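Please read the structure below before turning to the comments.
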Amino acid sequence: MTSLTPAKDIMPPPTERSTVLGWMKKNLFGSIGDTILTFVAGGFLLWLIYAIVKWIFTTAQWAAVTDNLQLYMKGQYPASEDWRLWLLMFLLALVVGLAWGIFLKRAEAVGWVLLIIPVVLALWLISLHREAWWKFLVVDVLAILGYFLGKRYPRKLARPTYILILLYMPLTILIVRGLGENGFMKLVPTNLWGGLLLSLLLAIFGIVFSFPIGVLLALGRQSKMPALKMLSVIYIELIRGVPLITLLFMGQLMLPFFLPAGITIDRVIRATVAIIMFAAAYMAENVRGGLQSIPKGQYEAADVVGLSGWQKMVFIILPQALRAVIPVLVGQFIGLFKDTSLVALVGLLDLLGIARGILANPNYIGRQLEVFAFIAMIYWVFSYGMSYASGRLETSLGVGER
Amino acid sequence: MTFKKSDHGAVPFWRDERYLQIIAQVVVVAALIALGYWLIHNLLTGLEALGTPLSFKFLGLTSQFDIGESMIEYSRNSTYTQALLVGLLNTIKVSFLGIVFATIFGIIVGIARLSKNWLVNKLAAIYVETLRNIPLLVFLIFLSTSVFHKLPRVKDALSAWGWAFLTNRGIYVVWPRPSGGWDVYKWFLLGAFIIGFIVAAIKFREGKKTGRMPLYWLWGFAVFALVAAISWFIAQFMAGPPMYLDFPTLQGRNFKGGQSLTPEFMAIFTGLVVYTSAFIAEVVRAGIQSVSKGQREAATAVGLSGFQTMRLVIFPQAMRVIIPPMTSQYLNLTKNSSLAIAVGYPDLFAVGSTIINQAGRAVEIILVTMGVYLTFSLLTAVFMNWYNKHTQLVER
């Protein structure tokens with residue numbers, strides 16, 4: 001065996017020499033049909049690019065967008081309280097940086113994408129205060145600081161980072177909403193929340209709160225107890241069978257009736273409840289997919305070592321099942337983020353609602369194309385960014401495949 | 001060796017898992033019933049206090065509102081039930097047409113996505129990635145406000161060689177309409193259909209017997225078309241031309257003749273088709289890619305042509321992977337058609353919400369609407385179960 005050539009001395013297999021022309025011949029002009037197809041598609045693409053670029057720089061009037069950047073980004077959230085949103089941004093940058101440094105050592109590319117999210121968010125906020133460019137710098141510095149700290153002391157910082165991630169959600173609610181009537185951190189009522197801020201908050205609330213409910217429903221559907229199983233199935237199929245918009249209307253019009261007289265609930269919370277109820281059913285199906293992917297041997301092994309039903313689920317099955325469904329959950333989060341636009345139909349001022357409000361302003365009559373192109377781009381950047389990041393995460397960490 | 005219960009001492013029932021499970025279920029069910037009772041009690045008393053106790057009797061009252069487009073007779077003197085029926089039919093119409101066209105476009109884009117031509121491949125990828133990452137509602141409102149309502153006014157209508165006119169009041173297209181010979185011709189058509197069906201069935205059986213499956217659907221269709229074409233002339237000879245082309249023409253301030261498609265319908269229809277086709281494209285692509293490479297190579301090795309490989313080897317196997325997600329896309333399209341309310345197309349949900357605004361019967365209308373959508377998805381689920389049973393891989 002000693003006579004084997006060491007691996008490093010073996011030449012890699014010869015690759016096809018690729019030249020630009022060769023590549024073009026292979027991929028664009030392989031046959032006559034291919035050539036025609038290339039010319040048609042190329043012509044169409046050039047025309048499309050030309051039309052779009054021309055429109056952006058000549059025909060389009062961007063005043064409806066540039067005058068109202070603040071509204072698109074945060075609705076009527078008072079300017080005096082902007083520092084709270086910035087605080088959240090700083091925290092987010094730090095958390096993302098830390099998480100990147102600690103958990104994603106092997107996945108540099110993913111880190112870059114994750115870094116882009118706070119940068120985009122920062123660009124959002126910089127559009128609120130052009131003079132406050134230094135805050136933008138702080139966001140980046142914090143993210144990079146977090147990264148290096150995380151890389152240097154992964155052991156020590158892992159636990160605080162977990163706690164920070166868990167705390168981030170309640171902290172967000174607390175900071176955005178505020179505490180007292182006035183003074184420091186004064187209360188900002190939900191009717192002032194709007195724009196991208198509201199869209200993101202609704203999506204995050206939806207996914208975070210629907211998660212535990214979805215897991216319970218999935219377990220219920222898999223359980224051997226007939227009554228629980230039936231209830232879970234009924235809930236899941238009932239919700240999945242109706243459009244989200246009917247649930248939102250139900251939240252706005254029917255929910256008040258279900259509560260005793262005199263109790264009213266905030267409109268944003270009503271919409272959030274509808275979104276959570278909706279997301280939970282889909283979450284349950286996703287988690288069920290994960291549960292079904294766990295080989296039977298795992299259940300049997302857990303039984304053999306004498307774990308109780310709950311212990312088996314919590315320590316053996318769920319950790320593996322949830323790991324397997326992470327990519328699907330990211331997909332669901334993207335879907336939910338897009339679905340939050342439906343709240344505009346029940347009168348909330350999320351990104352779409354704000355856009356419709358701005359278009360109702362007589363100063364911006366007929367500027368629909370610009371406004372919708374702008375908000376479509378925002379939705380697109382976030383959705384595509386997230387799906388790209390999760391795709392990279394999957395490949396580099398091997399999540400979802402075993 | 002046998003275990004006796006007494007060997008270990010009887011397990012008290014509060015630690016016996018079987019009893020615990022039953023107790024847990026009873027508790028959960030009881031709690032839910034109590035909660036449900038409480039909620040419904042609140043609902044009923046609340047509605048009672050408003051003077052509108054829960055009842056569906058109001059559905060027989062006259063609606064007193066107009067609906068933009070309807071497939072059945074409807075006026076403001078019709079009942080709420082009829083209004084809801086109009087909405088339901090509109091939902092079915094846009095969903096059905098949407099499903100047909102989205103499937104066609106989706107398959108084209110899905111195949112383009114697999115094209116070896118780099119440019120075509122990338123164009124399809126851009127199409128899919130753009131549409132999948134923006135909300136449907138934004139796309140719909142964009143189409144409605146910036147495309148279909150921004151078309152030129154009637155007097156400067158965009159004309160497509162006189163066959164179609166695009167205006168901001170709607171799109172008018174040339175349409176075949178029955179004329180004198182239709183009464184005779186429709187029986188011929190039925191006959192042609194039956195003959196075509198029989199031919200297809202014969203060819204199918206032949207294929208089953210010999211193992212060389214002919215293009216039986218193409219045979220059936222060709223025979224149908226042939227018989228229909230010949231009988232056209234017979235019908236024309238007997239009772240005049242069966243159909244004529246109704247061209248839209250500008251008369252006064254509006255177009256007359258042809259088939260008119262309202263901007264509202266066009267917005268929801270185009271939106272649903274384009275949006276769903278992006279998802280269907282991904283389903284088709286994943287389905288075709290799921291067929292292992294060896295299958296394609298084996299087909300080439302036994303000398304099948306590219307088309308034959310696709311038809312006889314790849315497609316039948318891809319179908320098994322494609323159909324389930326495809327049905328769920330169809331269901332999504334149907335549910336998404338409820339967003340028609342944002343563009344003003346009177347589908348079931350839009351009509352329902354008009355009734356809510358007018359009659360104040362929110363609870364009843366929401367229940368009816370949800371019931372209808374649930375029925376759709378239950379029917380789909382039944383179909384899916386049937387399909388899965390029939391196409392399940394028989395493991396050997």
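The chains in the structure tokens are called A, B, ... from first to last as shown; in each chain the residues are counted from 1, and the ligands are counted from 1 in the order shown.
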
If the cut-off is 6 Å, can you tell me the residues of chain B near chain A, counting only C-alpha atoms? I'd like them as a short mmCIF file (atom, residue, chain, number, x, y, z; two decimals) with N, CA and C atoms, in the first residue's frame.
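Now in result.cif:
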data_model
loop_
_atom_site.label_atom_id
_atom_site.label_comp_id
_atom_site.auth_asym_id
_atom_site.auth_seq_id
_atom_site.Cartn_x
_atom_site.Cartn_y
_atom_site.Cartn_z
N LEU B 39 -67.27 31.65 23.29
CA LEU B 39 -67.13 32.54 22.13
C LEU B 39 -68.46 32.67 21.39
N ASN B 42 -70.96 34.66 23.28
CA ASN B 42 -70.68 36.09 23.11
C ASN B 42 -71.17 36.60 21.77
N LEU B 43 -70.87 35.78 20.73
CA LEU B 43 -71.24 36.19 19.38
C LEU B 43 -72.75 36.36 19.26
N GLY B 46 -74.01 39.24 21.31
CA GLY B 46 -73.58 40.49 20.68
C GLY B 46 -74.44 40.84 19.49
N ASN B 117 -29.96 26.53 -24.07
CA ASN B 117 -29.60 27.87 -24.53
C ASN B 117 -29.50 28.79 -23.31
N TRP B 118 -28.29 29.32 -23.10
CA TRP B 118 -28.01 30.07 -21.88
C TRP B 118 -28.94 31.26 -21.73
N ASN B 133 -40.95 36.65 -6.04
CA ASN B 133 -40.52 37.42 -4.87
C ASN B 133 -41.22 38.74 -4.69
N ILE B 134 -42.31 38.97 -5.41
CA ILE B 134 -43.12 40.14 -5.08
C ILE B 134 -44.53 39.66 -4.72
N PRO B 135 -45.21 40.39 -3.84
CA PRO B 135 -46.53 39.93 -3.43
C PRO B 135 -47.52 40.01 -4.59
N SER B 146 -51.89 50.56 -13.39
CA SER B 146 -50.89 51.08 -14.32
C SER B 146 -50.95 50.45 -15.69
N LYS B 335 -57.83 30.23 -4.44
CA LYS B 335 -57.93 31.04 -3.22
C LYS B 335 -57.45 32.47 -3.48
N MET B 370 -66.35 31.35 3.41
CA MET B 370 -65.38 30.35 3.84
C MET B 370 -65.86 28.95 3.47
N TYR B 373 -65.04 28.26 -0.23
CA TYR B 373 -63.63 27.96 -0.49
C TYR B 373 -63.23 26.62 0.11
N LEU B 374 -63.79 26.31 1.29
CA LEU B 374 -63.49 25.01 1.90
C LEU B 374 -63.97 23.87 1.01
N SER B 377 -61.51 23.25 -1.67
CA SER B 377 -60.29 22.53 -1.30
C SER B 377 -60.59 21.10 -0.89
#

### Query
Please, which residues of region 34-107 of chain B, numbered as in this document, come out alpha helix (DSSP H) from DSSP, as number ranges by chain?
B: 34-50, 80-107

### Message
If we count only C-alpha atoms and set the cut-off at 10 Å, which residues sit around Gln76 (chain A), ignoring sequence neighbours fewer than 3 positions away in its own chain? Please answer as JSON, numbers by chain.
### Response
{"A": [70, 71, 72, 73, 79, 188, 190, 191, 192, 193, 194, 195, 349, 354]}

With C-alpha atoms retained, write the just-selected residues as a short mmCIF file (atom, residue, chain, number, x, y, z; two decimals), in the first residue's frame.
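Contents of selection-v3.cif, as written:
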data_model
loop_
_atom_site.label_atom_id
_atom_site.label_comp_id
_atom_site.auth_asym_id
_atom_site.auth_seq_id
_atom_site.Cartn_x
_atom_site.Cartn_y
_atom_site.Cartn_z
CA GLN A 70 -40.08 58.28 5.55
CA LEU A 71 -43.68 57.22 5.09
CA TYR A 72 -42.75 54.14 3.07
CA MET A 73 -40.22 53.09 5.66
CA ALA A 79 -39.56 61.45 14.05
CA VAL A 188 -46.36 55.04 20.18
CA THR A 190 -50.10 51.07 16.75
CA ASN A 191 -52.06 53.27 14.37
CA LEU A 192 -48.84 55.23 13.85
CA TRP A 193 -46.88 52.11 12.91
CA GLY A 194 -46.70 51.72 9.20
CA GLY A 195 -44.74 51.17 6.05
CA LEU A 349 -50.99 51.16 6.53
CA ILE A 354 -49.00 53.52 2.64
#

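Proximity ranking of A:Val268, A:Glu81, A:Ile163, A:Phe374 relative to Ala60 (chain A) places A:Phe374 first, based on only C-alpha atoms.
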
Please tabulate, as a Markdown table, the residues of region 242-339 of chain B that come within 9 Å of region 176-197 of chain B, each with its closest pair of atoms and the distance in Å to one decimal, counting only C-alpha atoms and ordering rows by chain, then residue number upward.
| residue | atom | partner | partner_atom | distance |
| --- | --- | --- | --- | --- |
| B:Pro242 | CA | B:Gly181 | CA | 3.8 |
| B:Met243 | CA | B:Pro178 | CA | 4.3 |
| B:Tyr244 | CA | B:Arg177 | CA | 5.5 |
| B:Leu245 | CA | B:Pro176 | CA | 4.5 |
| B:Asp246 | CA | B:Pro176 | CA | 5.9 |
| B:Phe247 | CA | B:Pro176 | CA | 8.8 |
| B:Gly258 | CA | B:Pro176 | CA | 8.1 |
| B:Gln259 | CA | B:Pro176 | CA | 8.9 |
